[in-house]
Amino acid sequence: MNSIISNQVASPFSKSRQHQLKFQSILSEAAQLFNWQGSRATTLADIAGSMQLTKTCVYYYVKTKEDLIYQCYVSSCDMWMNRVQQANQLPGNGVEKIVSMVKGHFYQYVETLQGTSPHFAMLTEVSTLDKQHADDIKQRWAEVFAVCQQMVEQGIDEGLIEDLDPVVIVSGIFSILQWFPVWLNRSHAANPEPVIDGVLDIMVNGLSAQRHQFEAIRFPQLSHLSLDSFDRDFQNLLKREAFYRVGSIYFNQKGYKGTSLDEIASSLDVTKGAFYYHIKNKEELLYQCFNRTLDVEGALLGNAGSVQGTGLKKVELSLRYLFNVQFSEQGPLIRYRALPSLDEEHRKDILKATKANSKILGTYIAQGFDDSSLRKIDVDIAQNVLSGAVEASPDLAEWMDDIEAPELSAAYFHLFINGLSRR
């Protein structure tokens, strides 16, 4: 048969192809809006308007917003699976396959920023889906995770990766990939090679100039305050603190949309009226959860900086303190994936304060350069990679039956301190 005739050419006259292309465009636009402002603040009318379509046209492709969120998550899982399978099928060792997977994800997002590839939704509000849809997405994600785990286990068997729990290693790797949409911007996309080289250098070789030995550490307590039942102001402070902590739990697990103020009040055995006495509304609660998180982060970073030691030691303590508080009675910290649910003014306030905390960590990295405990690396890239690692650390609870934070924090940050490649 003539080779020209035998080639498959996608016909622009195919109605099914036209339908699929339009559906993919809707998924991409919806994913972009969901990622930025959260699914609860995004309406089908918003999506239709941004594409210059009628709302009726969008309803032709999806039945409800719930269905659209689910379809966006399915599309994201398919993209992730395609990436991990492509990397796992390559010839080479486990480390080389993982590097290929990370580069694939990076350039996928660069193309998104350049407008040549669709947007994919971050899987931040899976728990707000109905049970059938949520279970399906969780199963799809577990399959993606398992393929990456195969690559890590291959590297361990080859003696190229430290013989640690592969689940912990995969979680660290995925924290890097999941954080790309948060910090990468168009300026990075204009000159992407140095950026991905910096990310891979940290992932493969670690921050430490020499192999770092993790030791048992004492984790600081956020407060040693004693209860004074006769001090009304103090009692109100404790009550607000309880609302912020419980609110963080619900927002982290259910997202903004899925969080109910009735549930929060009930969990603390108070009336909804008592809640409104302390907190104006749900958006205000989310904002105060972020403020509490920033205060906690600042206190822990300051505590790490007060310890005598190298810049590397202060970086290690900062990371492990932030990790530990997530699983302690003083946690959790609010996850930054909830940031799009804040109004614009509150969002700006939180981003400004977040940068201030990042600068503290940056001073420890700079000290590490001066005392030669850290390799010369790009500070901005390092701060973003480490921020993603801290943000994603609570996900370990989904994969591990028994979380012992003191030991687990060392295993988790081994990837970032010593690198993926065994020294």
# chains A, B, ... in the order shown; residues from 1 in each chain; ligands from 1
$ closest_atom_pairs --of "region 27-50 of chain A" --to "region 55-66 of chain A" --cutoff "7 Å" --atoms "only C-alpha atoms" --output "Markdown table"
| residue | atom | partner | partner_atom | distance |
| --- | --- | --- | --- | --- |
| A:Leu44 | CA | A:Lys55 | CA | 6.6 |
| A:Ala45 | CA | A:Lys55 | CA | 5.6 |
| A:Ala48 | CA | A:Lys55 | CA | 5.5 |
$ write_last_selection --atoms "C-alpha atoms" --output "CSV table (one decimal), in the first residue's frame"
chain,number,residue,atom,x,y,z
A,44,LEU,CA,-19.6,27.3,34.7
A,45,ALA,CA,-20.5,30.8,33.6
A,48,ALA,CA,-18.0,29.8,29.4
$ residues_around --residues "Pro181 (chain A)" --least-positions-apart "5" --cutoff "12 Å" --atoms "only C-alpha atoms" --output "list in words"
Ala31, Gln32, Asn35, Trp36, His105, Phe106, Tyr107, Gln108, Tyr109, Val110, Glu111, Thr112, Leu113, His119, Phe120, Ala121, Met122, Leu123, Ser175, Ile176, Arg186, His188, Ala189, Arg337, Asn384, Val385 and Gly388 of chain A
$ write_last_selection --atoms "N, CA and C atoms" --output "tab-separated table (two decimals), in the first residue's frame"
chain	number	residue	atom	x	y	z
A	31	ALA	N	-9.39	23.87	34.22
A	31	ALA	CA	-8.25	23.54	35.07
A	31	ALA	C	-7.47	24.80	35.45
A	32	GLN	N	-7.29	25.70	34.49
A	32	GLN	CA	-6.57	26.94	34.77
A	32	GLN	C	-7.30	27.77	35.84
A	35	ASN	N	-7.18	25.98	39.30
A	35	ASN	CA	-5.86	26.10	39.92
A	35	ASN	C	-5.65	27.47	40.55
A	36	TRP	N	-6.18	28.49	39.92
A	36	TRP	CA	-5.92	29.84	40.39
A	36	TRP	C	-6.90	30.28	41.48
A	105	HIS	N	7.76	16.32	33.16
A	105	HIS	CA	6.76	17.14	33.84
A	105	HIS	C	7.11	18.62	33.75
A	106	PHE	N	8.38	18.91	33.93
A	106	PHE	CA	8.82	20.30	33.89
A	106	PHE	C	8.51	20.93	32.54
A	107	TYR	N	8.91	20.27	31.48
A	107	TYR	CA	8.70	20.84	30.15
A	107	TYR	C	7.22	20.81	29.75
A	108	GLN	N	6.48	19.89	30.30
A	108	GLN	CA	5.02	19.90	30.09
A	108	GLN	C	4.45	21.22	30.61
A	109	TYR	N	4.88	21.62	31.81
A	109	TYR	CA	4.35	22.85	32.37
A	109	TYR	C	4.93	24.09	31.68
A	110	VAL	N	6.17	24.02	31.24
A	110	VAL	CA	6.74	25.12	30.47
A	110	VAL	C	5.92	25.37	29.22
A	111	GLU	N	5.53	24.30	28.54
A	111	GLU	CA	4.71	24.44	27.34
A	111	GLU	C	3.34	25.02	27.69
A	112	THR	N	2.82	24.68	28.86
A	112	THR	CA	1.57	25.27	29.30
A	112	THR	C	1.73	26.79	29.47
A	113	LEU	N	2.82	27.20	30.09
A	113	LEU	CA	3.07	28.63	30.28
A	113	LEU	C	3.28	29.34	28.95
A	119	HIS	N	-3.71	23.27	30.11
A	119	HIS	CA	-3.58	23.30	31.56
A	119	HIS	C	-4.13	21.99	32.13
A	120	PHE	N	-3.53	21.55	33.25
A	120	PHE	CA	-4.01	20.37	33.95
A	120	PHE	C	-4.28	20.75	35.40
A	121	ALA	N	-5.40	20.27	35.92
A	121	ALA	CA	-5.82	20.64	37.27
A	121	ALA	C	-4.95	19.96	38.32
A	122	MET	N	-4.55	20.73	39.34
A	122	MET	CA	-3.90	20.14	40.50
A	122	MET	C	-4.96	19.40	41.32
A	123	LEU	N	-4.60	18.26	41.84
A	123	LEU	CA	-5.57	17.40	42.54
A	123	LEU	C	-5.73	17.85	43.99
A	175	SER	N	6.59	15.76	45.44
A	175	SER	CA	6.45	17.12	45.99
A	175	SER	C	7.09	18.15	45.07
A	176	ILE	N	8.15	17.77	44.41
A	176	ILE	CA	8.82	18.66	43.46
A	176	ILE	C	7.93	18.91	42.25
A	186	ARG	N	6.28	32.71	33.65
A	186	ARG	CA	6.67	32.90	32.25
A	186	ARG	C	8.13	33.29	32.09
A	188	HIS	N	10.56	32.03	33.84
A	188	HIS	CA	11.26	30.73	33.86
A	188	HIS	C	11.09	30.02	32.52
A	189	ALA	N	9.89	30.11	31.95
A	189	ALA	CA	9.60	29.42	30.69
A	189	ALA	C	10.39	30.01	29.54
A	337	ARG	N	-2.31	25.13	49.02
A	337	ARG	CA	-3.21	24.87	47.90
A	337	ARG	C	-4.58	25.51	48.14
A	384	ASN	N	12.20	27.23	46.63
A	384	ASN	CA	10.94	26.74	46.05
A	384	ASN	C	10.83	25.22	46.16
A	385	VAL	N	11.91	24.52	45.92
A	385	VAL	CA	11.90	23.06	46.04
A	385	VAL	C	11.61	22.65	47.49
A	388	GLY	N	7.96	23.28	48.49
A	388	GLY	CA	7.09	22.23	47.98
A	388	GLY	C	7.18	20.97	48.81
$ residues_around --residues "Phe413 (chain A)" --least-positions-apart "5" --cutoff "12 Å" --atoms "only C-alpha atoms" --output "PyMOL selection string"
chain A and resi 164+168-173+175+202-203+206-208+212-214+315-324+385-390+392-393+405-408+418-420
$ write_last_selection --atoms "N, CA and C atoms" --output "tab-separated table (two decimals), in the first residue's frame"
chain	number	residue	atom	x	y	z
A	164	LEU	N	16.15	3.34	51.55
A	164	LEU	CA	15.14	3.88	52.44
A	164	LEU	C	13.77	3.44	51.95
A	168	VAL	N	8.43	6.85	50.89
A	168	VAL	CA	8.88	8.16	51.36
A	168	VAL	C	9.63	8.89	50.25
A	169	ILE	N	10.47	8.16	49.52
A	169	ILE	CA	11.25	8.76	48.43
A	169	ILE	C	10.33	9.26	47.33
A	170	VAL	N	9.36	8.45	46.93
A	170	VAL	CA	8.42	8.86	45.89
A	170	VAL	C	7.64	10.10	46.31
A	171	SER	N	7.23	10.14	47.57
A	171	SER	CA	6.50	11.30	48.07
A	171	SER	C	7.34	12.57	47.94
A	172	GLY	N	8.63	12.46	48.22
A	172	GLY	CA	9.52	13.61	48.07
A	172	GLY	C	9.67	14.04	46.62
A	173	ILE	N	9.80	13.07	45.73
A	173	ILE	CA	9.92	13.37	44.30
A	173	ILE	C	8.65	14.05	43.79
A	175	SER	N	6.59	15.76	45.44
A	175	SER	CA	6.45	17.12	45.99
A	175	SER	C	7.09	18.15	45.07
A	202	ILE	N	19.57	19.64	42.65
A	202	ILE	CA	19.17	19.48	44.06
A	202	ILE	C	18.59	18.09	44.29
A	203	MET	N	17.73	17.63	43.38
A	203	MET	CA	17.09	16.33	43.57
A	203	MET	C	18.11	15.19	43.53
A	206	GLY	N	21.51	16.67	46.07
A	206	GLY	CA	21.22	17.19	47.39
A	206	GLY	C	21.85	18.55	47.65
A	207	LEU	N	21.52	19.12	48.81
A	207	LEU	CA	22.03	20.43	49.20
A	207	LEU	C	23.39	20.35	49.88
A	208	SER	N	23.62	19.27	50.60
A	208	SER	CA	24.80	19.17	51.45
A	208	SER	C	26.08	19.00	50.63
A	212	HIS	N	25.42	13.99	54.66
A	212	HIS	CA	24.99	14.45	55.98
A	212	HIS	C	24.38	13.29	56.76
A	213	GLN	N	24.78	13.18	58.01
A	213	GLN	CA	24.24	12.15	58.89
A	213	GLN	C	23.15	12.76	59.76
A	214	PHE	N	21.94	12.27	59.61
A	214	PHE	CA	20.83	12.77	60.41
A	214	PHE	C	20.90	12.19	61.81
A	315	VAL	N	19.21	24.67	58.21
A	315	VAL	CA	18.27	24.29	57.16
A	315	VAL	C	17.59	22.98	57.54
A	316	GLU	N	18.38	22.00	57.99
A	316	GLU	CA	17.81	20.71	58.38
A	316	GLU	C	16.78	20.88	59.49
A	317	LEU	N	17.14	21.62	60.53
A	317	LEU	CA	16.23	21.81	61.65
A	317	LEU	C	14.96	22.53	61.22
A	318	SER	N	15.10	23.54	60.37
A	318	SER	CA	13.92	24.27	59.87
A	318	SER	C	12.95	23.31	59.19
A	319	LEU	N	13.48	22.47	58.31
A	319	LEU	CA	12.63	21.54	57.57
A	319	LEU	C	11.99	20.51	58.49
A	320	ARG	N	12.76	19.97	59.40
A	320	ARG	CA	12.23	18.91	60.26
A	320	ARG	C	11.26	19.47	61.30
A	321	TYR	N	11.50	20.69	61.78
A	321	TYR	CA	10.54	21.31	62.69
A	321	TYR	C	9.20	21.53	61.98
A	322	LEU	N	9.26	22.03	60.75
A	322	LEU	CA	8.02	22.29	60.00
A	322	LEU	C	7.30	21.00	59.66
A	323	PHE	N	8.07	19.96	59.38
A	323	PHE	CA	7.48	18.64	59.11
A	323	PHE	C	6.79	18.10	60.36
A	324	ASN	N	7.50	18.17	61.48
A	324	ASN	CA	7.00	17.56	62.72
A	324	ASN	C	5.69	18.20	63.18
A	385	VAL	N	11.91	24.52	45.92
A	385	VAL	CA	11.90	23.06	46.04
A	385	VAL	C	11.61	22.65	47.49
A	386	LEU	N	12.23	23.30	48.44
A	386	LEU	CA	12.03	22.96	49.85
A	386	LEU	C	10.64	23.35	50.32
A	387	SER	N	10.11	24.47	49.83
A	387	SER	CA	8.74	24.85	50.17
A	387	SER	C	7.75	23.80	49.70
A	388	GLY	N	7.96	23.28	48.49
A	388	GLY	CA	7.09	22.23	47.98
A	388	GLY	C	7.18	20.97	48.81
A	389	ALA	N	8.38	20.66	49.30
A	389	ALA	CA	8.57	19.46	50.13
A	389	ALA	C	7.79	19.58	51.44
A	390	VAL	N	7.87	20.74	52.08
A	390	VAL	CA	7.14	20.95	53.33
A	390	VAL	C	5.63	20.91	53.08
A	392	ALA	N	3.94	19.36	50.81
A	392	ALA	CA	3.42	18.03	50.45
A	392	ALA	C	3.61	17.00	51.56
A	393	SER	N	4.34	17.32	52.61
A	393	SER	CA	4.67	16.32	53.64
A	393	SER	C	3.44	15.65	54.27
A	405	ALA	N	6.87	10.77	63.37
A	405	ALA	CA	7.43	12.00	62.81
A	405	ALA	C	8.92	12.20	63.07
A	406	PRO	N	9.46	11.96	64.29
A	406	PRO	CA	10.88	12.19	64.50
A	406	PRO	C	11.78	11.41	63.54
A	407	GLU	N	11.47	10.15	63.30
A	407	GLU	CA	12.27	9.34	62.39
A	407	GLU	C	11.91	9.63	60.93
A	408	LEU	N	10.63	9.83	60.68
A	408	LEU	CA	10.17	10.00	59.31
A	408	LEU	C	10.69	11.29	58.69
A	418	ASN	N	20.75	15.00	51.01
A	418	ASN	CA	21.80	14.16	50.46
A	418	ASN	C	21.62	13.80	48.99
A	419	GLY	N	20.40	13.99	48.48
A	419	GLY	CA	20.16	13.70	47.07
A	419	GLY	C	19.65	12.30	46.82
A	420	LEU	N	19.08	12.13	45.63
A	420	LEU	CA	18.55	10.83	45.23
A	420	LEU	C	19.66	9.82	45.02
$ closest_atom_pairs --of "region 235-254 of chain A" --to "region 259-278 of chain A" --cutoff "7 Å" --atoms "only C-alpha atoms" --output "tab-separated table"
residue	atom	partner	partner_atom	distance
A:Arg240	CA	A:His278	CA	6.5
A:Val246	CA	A:Ile264	CA	6.6
A:Gly247	CA	A:Ile264	CA	6.6
A:Tyr250	CA	A:Thr259	CA	5.9
A:Phe251	CA	A:Thr259	CA	6.0
A:Lys254	CA	A:Thr259	CA	5.7
$ select_by_dssp --residues "region 139-217 of chain A" --states "alpha helix (DSSP H)" --output "ChimeraX atom specification"
/A:139-157,166-183,186-190,192-205
$ closest_residue --among "A:Ile377, A:Ala146, A:Leu312, A:Ile196" --to "Leu361 (chain A)" --atoms "only C-alpha atoms"
A:Leu312
$ closest_residue --among "A:Leu286, A:Leu90, A:Ile365, A:Ile47" --to "Asp343 (chain A)" --atoms "only C-alpha atoms"
A:Leu286
$ closest_residue --among "A:Asp401, A:Asp165, A:Glu158, A:Asp349" --to "Glu96 (chain A)" --atoms "only C-alpha atoms"
A:Glu158
$ residues_around --residues "Pro220 (chain A)" --least-positions-apart "2" --cutoff "10 Å" --atoms "only C-alpha atoms" --output "list of chain:residue names"
A:Ile217, A:Arg218, A:Leu222, A:Ser223, A:Ala299, A:Leu300, A:Asn303, A:Ala304, A:Tyr321, A:Asn324, A:Val325
$ write_last_selection --atoms "N, CA and C atoms" --output "short mmCIF file (atom, residue, chain, number, x, y, z; two decimals), in the first residue's frame"
data_model
loop_
_atom_site.label_atom_id
_atom_site.label_comp_id
_atom_site.auth_asym_id
_atom_site.auth_seq_id
_atom_site.Cartn_x
_atom_site.Cartn_y
_atom_site.Cartn_z
N ILE A 217 16.67 14.60 67.10
CA ILE A 217 16.61 15.99 67.55
C ILE A 217 15.41 16.17 68.49
N ARG A 218 15.46 17.24 69.26
CA ARG A 218 14.34 17.60 70.12
C ARG A 218 13.51 18.65 69.40
N LEU A 222 5.40 24.78 70.72
CA LEU A 222 4.99 26.13 70.33
C LEU A 222 4.58 26.96 71.52
N SER A 223 4.09 26.30 72.56
CA SER A 223 3.61 27.07 73.70
C SER A 223 3.71 26.24 74.97
N ALA A 299 8.07 31.25 63.88
CA ALA A 299 8.61 30.87 65.20
C ALA A 299 9.56 29.68 65.08
N LEU A 300 9.18 28.69 64.28
CA LEU A 300 10.03 27.50 64.13
C LEU A 300 11.31 27.82 63.37
N ASN A 303 13.53 29.51 65.79
CA ASN A 303 14.08 28.54 66.74
C ASN A 303 15.25 27.79 66.12
N ALA A 304 15.09 27.40 64.85
CA ALA A 304 16.17 26.69 64.15
C ALA A 304 17.40 27.58 64.01
N TYR A 321 11.50 20.69 61.78
CA TYR A 321 10.54 21.31 62.69
C TYR A 321 9.20 21.53 61.98
N ASN A 324 7.50 18.17 61.48
CA ASN A 324 7.00 17.56 62.72
C ASN A 324 5.69 18.20 63.18
N VAL A 325 5.58 19.52 63.05
CA VAL A 325 4.39 20.19 63.57
C VAL A 325 3.14 19.75 62.82
#
$ decode --residues "region 182-206 of chain A" --atoms "C-alpha atoms" --output "mmCIF file, in the first residue's frame"
data_model
loop_
_atom_site.group_PDB
_atom_site.id
_atom_site.type_symbol
_atom_site.label_atom_id
_atom_site.label_comp_id
_atom_site.auth_asym_id
_atom_site.auth_seq_id
_atom_site.Cartn_x
_atom_site.Cartn_y
_atom_site.Cartn_z
ATOM 1 C CA VAL A 182 2.874 27.149 42.091
ATOM 2 C CA TRP A 183 6.248 28.807 41.489
ATOM 3 C CA LEU A 184 7.180 28.496 37.825
ATOM 4 C CA ASN A 185 6.247 31.546 35.768
ATOM 5 C CA ARG A 186 6.667 32.902 32.253
ATOM 6 C CA SER A 187 10.138 34.277 32.981
ATOM 7 C CA HIS A 188 11.260 30.734 33.856
ATOM 8 C CA ALA A 189 9.599 29.423 30.694
ATOM 9 C CA ALA A 190 11.522 31.932 28.578
ATOM 10 C CA ASN A 191 14.830 30.361 29.681
ATOM 11 C CA PRO A 192 13.928 26.962 31.139
ATOM 12 C CA GLU A 193 17.219 25.035 30.901
ATOM 13 C CA PRO A 194 18.997 26.625 33.902
ATOM 14 C CA VAL A 195 15.864 26.175 35.996
ATOM 15 C CA ILE A 196 15.415 22.458 35.386
ATOM 16 C CA ASP A 197 19.179 21.941 35.711
ATOM 17 C CA GLY A 198 18.999 23.556 39.157
ATOM 18 C CA VAL A 199 15.988 21.458 40.206
ATOM 19 C CA LEU A 200 17.609 18.215 39.054
ATOM 20 C CA ASP A 201 20.914 19.127 40.695
ATOM 21 C CA ILE A 202 19.167 19.482 44.060
ATOM 22 C CA MET A 203 17.090 16.330 43.569
ATOM 23 C CA VAL A 204 19.964 14.110 42.421
ATOM 24 C CA ASN A 205 22.902 15.528 44.419
ATOM 25 C CA GLY A 206 21.224 17.194 47.394
#
